[in-house]
$ cat coords07.csv   # CSV, N, CA and C atoms
chain,number,residue,atom,x,y,z
A,1,MET,N,-33.6,1.6,-19.7
A,1,MET,CA,-34.0,1.2,-21.0
A,1,MET,C,-34.8,-0.1,-21.0
A,2,GLU,N,-35.9,-0.1,-21.7
A,2,GLU,CA,-36.7,-1.3,-21.7
A,2,GLU,C,-36.1,-2.4,-22.6
A,3,LYS,N,-36.3,-3.6,-22.2
A,3,LYS,CA,-35.8,-4.8,-23.0
A,3,LYS,C,-36.4,-4.8,-24.4
A,4,ILE,N,-35.6,-5.0,-25.4
A,4,ILE,CA,-36.0,-5.1,-26.8
A,4,ILE,C,-35.9,-6.6,-27.2
A,5,ASN,N,-37.0,-7.2,-27.5
A,5,ASN,CA,-37.1,-8.6,-27.9
A,5,ASN,C,-37.2,-8.7,-29.5
A,6,ILE,N,-36.2,-9.4,-30.0
A,6,ILE,CA,-36.1,-9.5,-31.5
A,6,ILE,C,-36.3,-11.0,-31.8
A,7,LYS,N,-37.2,-11.3,-32.7
A,7,LYS,CA,-37.5,-12.7,-33.1
A,7,LYS,C,-37.2,-12.7,-34.6
A,8,ILE,N,-36.3,-13.5,-35.1
A,8,ILE,CA,-35.9,-13.6,-36.5
A,8,ILE,C,-36.4,-14.9,-37.0
A,9,CYS,N,-37.2,-14.7,-38.1
A,9,CYS,CA,-37.7,-15.9,-38.8
A,9,CYS,C,-36.6,-16.6,-39.5
A,10,THR,N,-36.5,-17.9,-39.2
A,10,THR,CA,-35.5,-18.7,-39.9
A,10,THR,C,-36.1,-19.8,-40.8
A,11,GLY,N,-37.4,-19.6,-41.1
A,11,GLY,CA,-38.1,-20.5,-42.0
A,11,GLY,C,-37.4,-20.5,-43.4
A,12,THR,N,-37.7,-21.4,-44.2
A,12,THR,CA,-37.0,-21.5,-45.5
A,12,THR,C,-37.0,-20.2,-46.3
A,13,ALA,N,-38.2,-19.6,-46.5
A,13,ALA,CA,-38.3,-18.4,-47.4
A,13,ALA,C,-37.5,-17.3,-46.8
A,14,CYS,N,-37.7,-17.1,-45.5
A,14,CYS,CA,-37.0,-16.0,-44.8
A,14,CYS,C,-35.5,-16.2,-44.8
A,15,TYR,N,-35.1,-17.4,-44.5
A,15,TYR,CA,-33.6,-17.7,-44.5
A,15,TYR,C,-33.0,-17.5,-45.8
A,16,VAL,N,-33.6,-17.9,-46.9
A,16,VAL,CA,-33.1,-17.8,-48.3
A,16,VAL,C,-33.1,-16.3,-48.7
A,17,MET,N,-34.1,-15.6,-48.3
A,17,MET,CA,-34.2,-14.2,-48.7
A,17,MET,C,-33.4,-13.2,-47.9
A,18,GLY,N,-32.6,-13.7,-47.0
A,18,GLY,CA,-31.7,-12.8,-46.3
A,18,GLY,C,-31.7,-13.0,-44.8
A,19,GLY,N,-32.6,-13.9,-44.3
A,19,GLY,CA,-32.6,-14.1,-42.8
A,19,GLY,C,-31.3,-14.7,-42.3
A,20,ALA,N,-30.6,-15.4,-43.1
A,20,ALA,CA,-29.3,-16.0,-42.7
A,20,ALA,C,-28.4,-14.9,-42.2
A,21,ASN,N,-28.3,-13.8,-43.0
A,21,ASN,CA,-27.5,-12.6,-42.6
A,21,ASN,C,-27.9,-11.9,-41.4
A,22,ILE,N,-29.2,-11.9,-41.1
A,22,ILE,CA,-29.8,-11.2,-40.0
A,22,ILE,C,-29.4,-11.9,-38.7
A,23,LEU,N,-29.1,-13.2,-38.8
A,23,LEU,CA,-28.7,-14.0,-37.6
A,23,LEU,C,-27.4,-13.4,-37.0
A,24,MET,N,-26.7,-12.7,-37.8
A,24,MET,CA,-25.4,-12.1,-37.3
A,24,MET,C,-25.7,-10.7,-36.7
A,25,LEU,N,-26.9,-10.3,-36.5
A,25,LEU,CA,-27.3,-9.0,-36.0
A,25,LEU,C,-26.5,-8.6,-34.7
A,26,GLU,N,-26.4,-9.5,-33.8
A,26,GLU,CA,-25.7,-9.2,-32.5
A,26,GLU,C,-24.3,-8.6,-32.7
A,27,ASP,N,-23.6,-9.0,-33.7
A,27,ASP,CA,-22.3,-8.5,-34.0
A,27,ASP,C,-22.3,-7.0,-34.3
A,28,PHE,N,-23.4,-6.4,-34.7
A,28,PHE,CA,-23.5,-5.0,-35.1
A,28,PHE,C,-24.1,-4.1,-34.0
A,29,ILE,N,-24.5,-4.7,-32.9
A,29,ILE,CA,-25.2,-3.9,-31.8
A,29,ILE,C,-24.1,-3.5,-30.8
A,30,PRO,N,-24.0,-2.2,-30.5
A,30,PRO,CA,-23.0,-1.8,-29.5
A,30,PRO,C,-23.2,-2.4,-28.1
A,31,GLN,N,-22.2,-2.7,-27.4
A,31,GLN,CA,-22.2,-3.4,-26.1
A,31,GLN,C,-23.2,-2.7,-25.1
A,32,ASP,N,-23.2,-1.4,-25.1
A,32,ASP,CA,-24.1,-0.7,-24.1
A,32,ASP,C,-25.6,-0.9,-24.5
A,33,VAL,N,-25.9,-1.2,-25.7
A,33,VAL,CA,-27.3,-1.5,-26.1
A,33,VAL,C,-27.5,-3.0,-26.0
A,34,LYS,N,-26.5,-3.8,-26.3
A,34,LYS,CA,-26.7,-5.2,-26.4
A,34,LYS,C,-27.2,-5.8,-25.1
A,35,ASP,N,-26.9,-5.2,-24.0
A,35,ASP,CA,-27.4,-5.7,-22.7
A,35,ASP,C,-29.0,-5.7,-22.6
A,36,PHE,N,-29.6,-4.8,-23.4
A,36,PHE,CA,-31.0,-4.6,-23.4
A,36,PHE,C,-31.7,-5.3,-24.5
A,37,VAL,N,-31.0,-6.1,-25.3
A,37,VAL,CA,-31.6,-6.7,-26.5
A,37,VAL,C,-31.5,-8.3,-26.4
A,38,HIS,N,-32.7,-8.9,-26.6
A,38,HIS,CA,-32.7,-10.3,-26.6
A,38,HIS,C,-33.1,-10.8,-28.0
A,39,ILE,N,-32.2,-11.6,-28.6
A,39,ILE,CA,-32.4,-12.0,-30.0
A,39,ILE,C,-32.6,-13.5,-30.0
A,40,GLU,N,-33.6,-14.0,-30.7
A,40,GLU,CA,-33.9,-15.4,-30.9
A,40,GLU,C,-34.3,-15.7,-32.3
A,41,GLY,N,-34.1,-16.9,-32.7
A,41,GLY,CA,-34.6,-17.4,-34.0
A,41,GLY,C,-35.9,-18.1,-33.8
A,42,SER,N,-36.7,-18.1,-34.8
A,42,SER,CA,-37.9,-18.9,-34.8
A,42,SER,C,-38.0,-19.7,-36.1
A,43,THR,N,-38.4,-20.9,-36.0
A,43,THR,CA,-38.4,-21.8,-37.2
A,43,THR,C,-39.4,-21.2,-38.3
A,44,CYS,N,-40.4,-20.6,-37.9
A,44,CYS,CA,-41.3,-19.9,-38.9
A,44,CYS,C,-42.3,-19.1,-38.2
A,45,LEU,N,-42.4,-17.8,-38.5
A,45,LEU,CA,-43.3,-16.9,-37.9
A,45,LEU,C,-44.6,-16.9,-38.7
A,46,GLU,N,-44.7,-17.5,-39.9
A,46,GLU,CA,-45.9,-17.7,-40.7
A,46,GLU,C,-46.4,-16.4,-41.3
A,47,TYR,N,-45.6,-15.4,-41.4
A,47,TYR,CA,-46.1,-14.1,-42.0
A,47,TYR,C,-46.0,-14.2,-43.5
A,48,CYS,N,-45.2,-15.1,-44.1
A,48,CYS,CA,-45.1,-15.2,-45.5
A,48,CYS,C,-46.4,-15.7,-46.2
A,49,LYS,N,-47.3,-16.2,-45.4
A,49,LYS,CA,-48.5,-16.8,-45.9
A,49,LYS,C,-49.6,-15.7,-46.2
A,50,ASN,N,-49.3,-14.4,-45.8
A,50,ASN,CA,-50.1,-13.3,-46.0
A,50,ASN,C,-49.4,-12.2,-46.7
A,51,ALA,N,-49.6,-12.1,-48.0
A,51,ALA,CA,-48.9,-11.2,-48.9
A,51,ALA,C,-49.1,-9.7,-48.4
A,52,GLU,N,-50.2,-9.4,-47.8
A,52,GLU,CA,-50.5,-8.1,-47.3
A,52,GLU,C,-49.4,-7.6,-46.2
A,53,LEU,N,-48.8,-8.5,-45.6
A,53,LEU,CA,-47.8,-8.2,-44.6
A,53,LEU,C,-46.4,-7.9,-45.1
A,54,GLY,N,-46.2,-8.1,-46.4
A,54,GLY,CA,-44.9,-7.8,-47.0
A,54,GLY,C,-44.2,-9.0,-47.5
A,55,LYS,N,-42.9,-8.9,-47.7
A,55,LYS,CA,-42.1,-10.0,-48.2
A,55,LYS,C,-41.1,-10.4,-47.2
A,56,PRO,N,-40.6,-11.6,-47.3
A,56,PRO,CA,-39.6,-12.1,-46.4
A,56,PRO,C,-38.2,-11.4,-46.7
A,57,PRO,N,-37.3,-11.4,-45.8
A,57,PRO,CA,-37.4,-12.0,-44.5
A,57,PRO,C,-38.2,-11.2,-43.5
A,58,PHE,N,-38.8,-11.8,-42.5
A,58,PHE,CA,-39.6,-11.2,-41.4
A,58,PHE,C,-38.8,-11.2,-40.1
A,59,VAL,N,-38.9,-10.1,-39.4
A,59,VAL,CA,-38.4,-10.0,-38.1
A,59,VAL,C,-39.4,-9.3,-37.2
A,60,LYS,N,-39.6,-9.7,-36.0
A,60,LYS,CA,-40.6,-9.1,-35.1
A,60,LYS,C,-39.7,-8.5,-34.0
A,61,ILE,N,-39.9,-7.2,-33.8
A,61,ILE,CA,-39.2,-6.4,-32.7
A,61,ILE,C,-40.3,-6.0,-31.7
A,62,ASN,N,-40.3,-6.5,-30.6
A,62,ASN,CA,-41.4,-6.4,-29.6
A,62,ASN,C,-42.7,-6.7,-30.3
A,63,ASP,N,-43.6,-5.7,-30.6
A,63,ASP,CA,-44.8,-5.9,-31.3
A,63,ASP,C,-44.8,-5.4,-32.7
A,64,LYS,N,-43.7,-5.0,-33.2
A,64,LYS,CA,-43.5,-4.4,-34.5
A,64,LYS,C,-43.0,-5.4,-35.5
A,65,LEU,N,-43.8,-5.7,-36.6
A,65,LEU,CA,-43.3,-6.6,-37.6
A,65,LEU,C,-42.6,-5.8,-38.7
A,66,ILE,N,-41.4,-6.3,-39.0
A,66,ILE,CA,-40.6,-5.7,-40.1
A,66,ILE,C,-40.5,-6.7,-41.2
A,67,SER,N,-41.0,-6.3,-42.4
A,67,SER,CA,-40.9,-7.2,-43.6
A,67,SER,C,-39.7,-6.7,-44.4
A,68,GLU,N,-39.2,-7.5,-45.3
A,68,GLU,CA,-38.0,-7.3,-46.1
A,68,GLU,C,-36.9,-6.8,-45.1
A,69,ALA,N,-36.8,-7.4,-44.0
A,69,ALA,CA,-35.8,-7.0,-43.0
A,69,ALA,C,-34.4,-7.2,-43.4
A,70,SER,N,-33.5,-6.3,-42.9
A,70,SER,CA,-32.1,-6.4,-43.1
A,70,SER,C,-31.4,-5.9,-41.8
A,71,VAL,N,-30.2,-6.1,-41.7
A,71,VAL,CA,-29.4,-5.7,-40.5
A,71,VAL,C,-29.6,-4.1,-40.4
A,72,PRO,N,-29.3,-3.4,-41.5
A,72,PRO,CA,-29.4,-1.9,-41.3
A,72,PRO,C,-30.8,-1.5,-40.9
A,73,LYS,N,-31.8,-2.1,-41.5
A,73,LYS,CA,-33.2,-1.7,-41.2
A,73,LYS,C,-33.5,-2.0,-39.7
A,74,ILE,N,-33.1,-3.1,-39.2
A,74,ILE,CA,-33.3,-3.5,-37.8
A,74,ILE,C,-32.5,-2.5,-36.9
A,75,LEU,N,-31.3,-2.2,-37.2
A,75,LEU,CA,-30.5,-1.3,-36.4
A,75,LEU,C,-31.1,0.1,-36.4
A,76,ASP,N,-31.7,0.6,-37.5
A,76,ASP,CA,-32.4,1.8,-37.5
A,76,ASP,C,-33.6,1.8,-36.5
A,77,TYR,N,-34.3,0.7,-36.5
A,77,TYR,CA,-35.4,0.6,-35.6
A,77,TYR,C,-35.0,0.5,-34.1
A,78,ILE,N,-33.9,-0.1,-33.9
A,78,ILE,CA,-33.3,-0.2,-32.5
A,78,ILE,C,-32.9,1.2,-32.1
A,79,ASN,N,-32.3,2.0,-33.0
A,79,ASN,CA,-31.9,3.4,-32.8
A,79,ASN,C,-33.1,4.2,-32.4
A,80,HIS,N,-34.2,4.0,-33.1
A,80,HIS,CA,-35.5,4.7,-32.8
A,80,HIS,C,-36.0,4.4,-31.4
A,81,LEU,N,-35.9,3.1,-31.0
A,81,LEU,CA,-36.4,2.7,-29.7
A,81,LEU,C,-35.5,3.2,-28.6
A,82,THR,N,-34.2,3.2,-28.8
A,82,THR,CA,-33.3,3.6,-27.7
A,82,THR,C,-32.9,5.1,-27.7
A,83,GLY,N,-33.1,5.8,-28.8
A,83,GLY,CA,-32.7,7.1,-28.9
A,83,GLY,C,-31.3,7.3,-29.1
A,84,LYS,N,-30.6,6.2,-29.4
A,84,LYS,CA,-29.1,6.3,-29.7
A,84,LYS,C,-28.9,6.2,-31.2
A,85,ASP,N,-27.7,6.7,-31.6
A,85,ASP,CA,-27.4,6.7,-33.0
A,85,ASP,C,-26.1,5.9,-33.1
A,86,PHE,N,-26.1,4.7,-33.7
A,86,PHE,CA,-24.9,3.9,-33.9
A,86,PHE,C,-24.9,3.4,-35.3
$ encode --input "coords07.csv" --output "structure tokens"
Amino acid sequence: MEKINIKICTGTACYVMGGANILMLEDFIPQDVKDFVHIEGSTCLEYCKNAELGKPPFVKINDKLISEASVPKILDYINHLTGKDF
């Protein structure tokens, strides 16, 4: 399985709009998948400055930008990448 890199924006807008909850993402990933996932916070990804990209909170998974991110939305995308259903 290829490494999945997740960058969570923790800038003010993203943090207030739900990014704080997303920082708990690791708790929801099964152990067999967790070994292939790298999660990091970023002080600001600066996507909120472009309304065409969507609304905060923003998360970047590899090269895919997810706007209005949530733990379930991110888990769905990880399921898509891994072919696993959890």
$ residues_around --input "coords07.csv" --residues "Ile4 in chain A" --least-positions-apart "5" --cutoff "6.5 Å" --atoms "only N, CA and C atoms" --output "list in words"
Phe36, Val37, His38, Ile39, Ile61 and Asn62 of chain A
$ residues_around --input "coords07.csv" --residues "Ile22 in chain A" --least-positions-apart "3" --cutoff "6 Å" --atoms "only C-alpha atoms" --output "list of chain:residue names"
A:Gly19, A:Leu25, A:Val71
$ residues_around --input "coords07.csv" --residues "Lys49 in chain A" --least-positions-apart "4" --cutoff "12 Å" --atoms "only C-alpha atoms" --output "PDB file with N, CA and C atoms, in the frame of the given file"
ATOM      1  N   GLY A  11     -37.400 -19.600 -41.100  1.00  0.00           N
ATOM      2  CA  GLY A  11     -38.100 -20.500 -42.000  1.00  0.00           C
ATOM      3  C   GLY A  11     -37.400 -20.500 -43.400  1.00  0.00           C
ATOM      4  N   ALA A  13     -38.200 -19.600 -46.500  1.00  0.00           N
ATOM      5  CA  ALA A  13     -38.300 -18.400 -47.400  1.00  0.00           C
ATOM      6  C   ALA A  13     -37.500 -17.300 -46.800  1.00  0.00           C
ATOM      7  N   CYS A  14     -37.700 -17.100 -45.500  1.00  0.00           N
ATOM      8  CA  CYS A  14     -37.000 -16.000 -44.800  1.00  0.00           C
ATOM      9  C   CYS A  14     -35.500 -16.200 -44.800  1.00  0.00           C
ATOM     10  N   CYS A  44     -40.400 -20.600 -37.900  1.00  0.00           N
ATOM     11  CA  CYS A  44     -41.300 -19.900 -38.900  1.00  0.00           C
ATOM     12  C   CYS A  44     -42.300 -19.100 -38.200  1.00  0.00           C
ATOM     13  N   LEU A  45     -42.400 -17.800 -38.500  1.00  0.00           N
ATOM     14  CA  LEU A  45     -43.300 -16.900 -37.900  1.00  0.00           C
ATOM     15  C   LEU A  45     -44.600 -16.900 -38.700  1.00  0.00           C
ATOM     16  N   LEU A  53     -48.800  -8.500 -45.600  1.00  0.00           N
ATOM     17  CA  LEU A  53     -47.800  -8.200 -44.600  1.00  0.00           C
ATOM     18  C   LEU A  53     -46.400  -7.900 -45.100  1.00  0.00           C
ATOM     19  N   GLY A  54     -46.200  -8.100 -46.400  1.00  0.00           N
ATOM     20  CA  GLY A  54     -44.900  -7.800 -47.000  1.00  0.00           C
ATOM     21  C   GLY A  54     -44.200  -9.000 -47.500  1.00  0.00           C
ATOM     22  N   LYS A  55     -42.900  -8.900 -47.700  1.00  0.00           N
ATOM     23  CA  LYS A  55     -42.100 -10.000 -48.200  1.00  0.00           C
ATOM     24  C   LYS A  55     -41.100 -10.400 -47.200  1.00  0.00           C
ATOM     25  N   PRO A  56     -40.600 -11.600 -47.300  1.00  0.00           N
ATOM     26  CA  PRO A  56     -39.600 -12.100 -46.400  1.00  0.00           C
ATOM     27  C   PRO A  56     -38.200 -11.400 -46.700  1.00  0.00           C
ATOM     28  N   PHE A  58     -38.800 -11.800 -42.500  1.00  0.00           N
ATOM     29  CA  PHE A  58     -39.600 -11.200 -41.400  1.00  0.00           C
ATOM     30  C   PHE A  58     -38.800 -11.200 -40.100  1.00  0.00           C
TER      31      PHE A  58
END
$ atom_distance --input "coords07.csv" --atom1 "CA of Glu2 in chain A" --atom2 "atom N of Gly83 in chain A"
10.7 Å
$ select_by_dssp --input "coords07.csv" --residues "range 22-78 of chain A" --states "helix (DSSP H, G or I)" --output "NGL selection string"
:A and (22 or 25-28 or 31-34 or 47-49 or 51-53 or 71-78)
$ write_last_selection --input "coords07.csv" --atoms "N, CA and C atoms" --output "PDB file, in the coordinates of the input"
ATOM      1  N   ILE A  22     -29.200 -11.900 -41.100  1.00  0.00           N
ATOM      2  CA  ILE A  22     -29.800 -11.200 -40.000  1.00  0.00           C
ATOM      3  C   ILE A  22     -29.400 -11.900 -38.700  1.00  0.00           C
ATOM      4  N   LEU A  25     -26.900 -10.300 -36.500  1.00  0.00           N
ATOM      5  CA  LEU A  25     -27.300  -9.000 -36.000  1.00  0.00           C
ATOM      6  C   LEU A  25     -26.500  -8.600 -34.700  1.00  0.00           C
ATOM      7  N   GLU A  26     -26.400  -9.500 -33.800  1.00  0.00           N
ATOM      8  CA  GLU A  26     -25.700  -9.200 -32.500  1.00  0.00           C
ATOM      9  C   GLU A  26     -24.300  -8.600 -32.700  1.00  0.00           C
ATOM     10  N   ASP A  27     -23.600  -9.000 -33.700  1.00  0.00           N
ATOM     11  CA  ASP A  27     -22.300  -8.500 -34.000  1.00  0.00           C
ATOM     12  C   ASP A  27     -22.300  -7.000 -34.300  1.00  0.00           C
ATOM     13  N   PHE A  28     -23.400  -6.400 -34.700  1.00  0.00           N
ATOM     14  CA  PHE A  28     -23.500  -5.000 -35.100  1.00  0.00           C
ATOM     15  C   PHE A  28     -24.100  -4.100 -34.000  1.00  0.00           C
ATOM     16  N   GLN A  31     -22.200  -2.700 -27.400  1.00  0.00           N
ATOM     17  CA  GLN A  31     -22.200  -3.400 -26.100  1.00  0.00           C
ATOM     18  C   GLN A  31     -23.200  -2.700 -25.100  1.00  0.00           C
ATOM     19  N   ASP A  32     -23.200  -1.400 -25.100  1.00  0.00           N
ATOM     20  CA  ASP A  32     -24.100  -0.700 -24.100  1.00  0.00           C
ATOM     21  C   ASP A  32     -25.600  -0.900 -24.500  1.00  0.00           C
ATOM     22  N   VAL A  33     -25.900  -1.200 -25.700  1.00  0.00           N
ATOM     23  CA  VAL A  33     -27.300  -1.500 -26.100  1.00  0.00           C
ATOM     24  C   VAL A  33     -27.500  -3.000 -26.000  1.00  0.00           C
ATOM     25  N   LYS A  34     -26.500  -3.800 -26.300  1.00  0.00           N
ATOM     26  CA  LYS A  34     -26.700  -5.200 -26.400  1.00  0.00           C
ATOM     27  C   LYS A  34     -27.200  -5.800 -25.100  1.00  0.00           C
ATOM     28  N   TYR A  47     -45.600 -15.400 -41.400  1.00  0.00           N
ATOM     29  CA  TYR A  47     -46.100 -14.100 -42.000  1.00  0.00           C
ATOM     30  C   TYR A  47     -46.000 -14.200 -43.500  1.00  0.00           C
ATOM     31  N   CYS A  48     -45.200 -15.100 -44.100  1.00  0.00           N
ATOM     32  CA  CYS A  48     -45.100 -15.200 -45.500  1.00  0.00           C
ATOM     33  C   CYS A  48     -46.400 -15.700 -46.200  1.00  0.00           C
ATOM     34  N   LYS A  49     -47.300 -16.200 -45.400  1.00  0.00           N
ATOM     35  CA  LYS A  49     -48.500 -16.800 -45.900  1.00  0.00           C
ATOM     36  C   LYS A  49     -49.600 -15.700 -46.200  1.00  0.00           C
ATOM     37  N   ALA A  51     -49.600 -12.100 -48.000  1.00  0.00           N
ATOM     38  CA  ALA A  51     -48.900 -11.200 -48.900  1.00  0.00           C
ATOM     39  C   ALA A  51     -49.100  -9.700 -48.400  1.00  0.00           C
ATOM     40  N   GLU A  52     -50.200  -9.400 -47.800  1.00  0.00           N
ATOM     41  CA  GLU A  52     -50.500  -8.100 -47.300  1.00  0.00           C
ATOM     42  C   GLU A  52     -49.400  -7.600 -46.200  1.00  0.00           C
ATOM     43  N   LEU A  53     -48.800  -8.500 -45.600  1.00  0.00           N
ATOM     44  CA  LEU A  53     -47.800  -8.200 -44.600  1.00  0.00           C
ATOM     45  C   LEU A  53     -46.400  -7.900 -45.100  1.00  0.00           C
ATOM     46  N   VAL A  71     -30.200  -6.100 -41.700  1.00  0.00           N
ATOM     47  CA  VAL A  71     -29.400  -5.700 -40.500  1.00  0.00           C
ATOM     48  C   VAL A  71     -29.600  -4.100 -40.400  1.00  0.00           C
ATOM     49  N   PRO A  72     -29.300  -3.400 -41.500  1.00  0.00           N
ATOM     50  CA  PRO A  72     -29.400  -1.900 -41.300  1.00  0.00           C
ATOM     51  C   PRO A  72     -30.800  -1.500 -40.900  1.00  0.00           C
ATOM     52  N   LYS A  73     -31.800  -2.100 -41.500  1.00  0.00           N
ATOM     53  CA  LYS A  73     -33.200  -1.700 -41.200  1.00  0.00           C
ATOM     54  C   LYS A  73     -33.500  -2.000 -39.700  1.00  0.00           C
ATOM     55  N   ILE A  74     -33.100  -3.100 -39.200  1.00  0.00           N
ATOM     56  CA  ILE A  74     -33.300  -3.500 -37.800  1.00  0.00           C
ATOM     57  C   ILE A  74     -32.500  -2.500 -36.900  1.00  0.00           C
ATOM     58  N   LEU A  75     -31.300  -2.200 -37.200  1.00  0.00           N
ATOM     59  CA  LEU A  75     -30.500  -1.300 -36.400  1.00  0.00           C
ATOM     60  C   LEU A  75     -31.100   0.100 -36.400  1.00  0.00           C
ATOM     61  N   ASP A  76     -31.700   0.600 -37.500  1.00  0.00           N
ATOM     62  CA  ASP A  76     -32.400   1.800 -37.500  1.00  0.00           C
ATOM     63  C   ASP A  76     -33.600   1.800 -36.500  1.00  0.00           C
ATOM     64  N   TYR A  77     -34.300   0.700 -36.500  1.00  0.00           N
ATOM     65  CA  TYR A  77     -35.400   0.600 -35.600  1.00  0.00           C
ATOM     66  C   TYR A  77     -35.000   0.500 -34.100  1.00  0.00           C
ATOM     67  N   ILE A  78     -33.900  -0.100 -33.900  1.00  0.00           N
ATOM     68  CA  ILE A  78     -33.300  -0.200 -32.500  1.00  0.00           C
ATOM     69  C   ILE A  78     -32.900   1.200 -32.100  1.00  0.00           C
TER      70      ILE A  78
END
$ atom_distance --input "coords07.csv" --atom1 "CA of Ala20 in chain A" --atom2 "CA of Lys64 in chain A"
20.1 Å
$ atom_distance --input "coords07.csv" --atom1 "atom C of Phe86 in chain A" --atom2 "CA of Thr12 in chain A"
29.5 Å
$ select_by_dssp --input "coords07.csv" --residues "chain A" --states "strand (DSSP E)" --output "list in words"
Ile4, Asn5, Ile6, Lys7, Ile8, Cys9, Val37, His38, Ile39, Glu40, Gly41, Ser42, Val59, Lys60, Ile61, Lys64, Leu65 and Ile66 of chain A
$ closest_residue --input "coords07.csv" --among "A:Tyr77, A:Ala69, A:Pro57, A:Lys84" --to "Tyr15 in chain A" --atoms "all atoms listed in the file"
A:Pro57
$ closest_residue --input "coords07.csv" --among "A:Gln31, A:Thr10, A:Asn5, A:Asn79" --to "Lys60 in chain A" --atoms "all atoms listed in the file"
A:Asn5
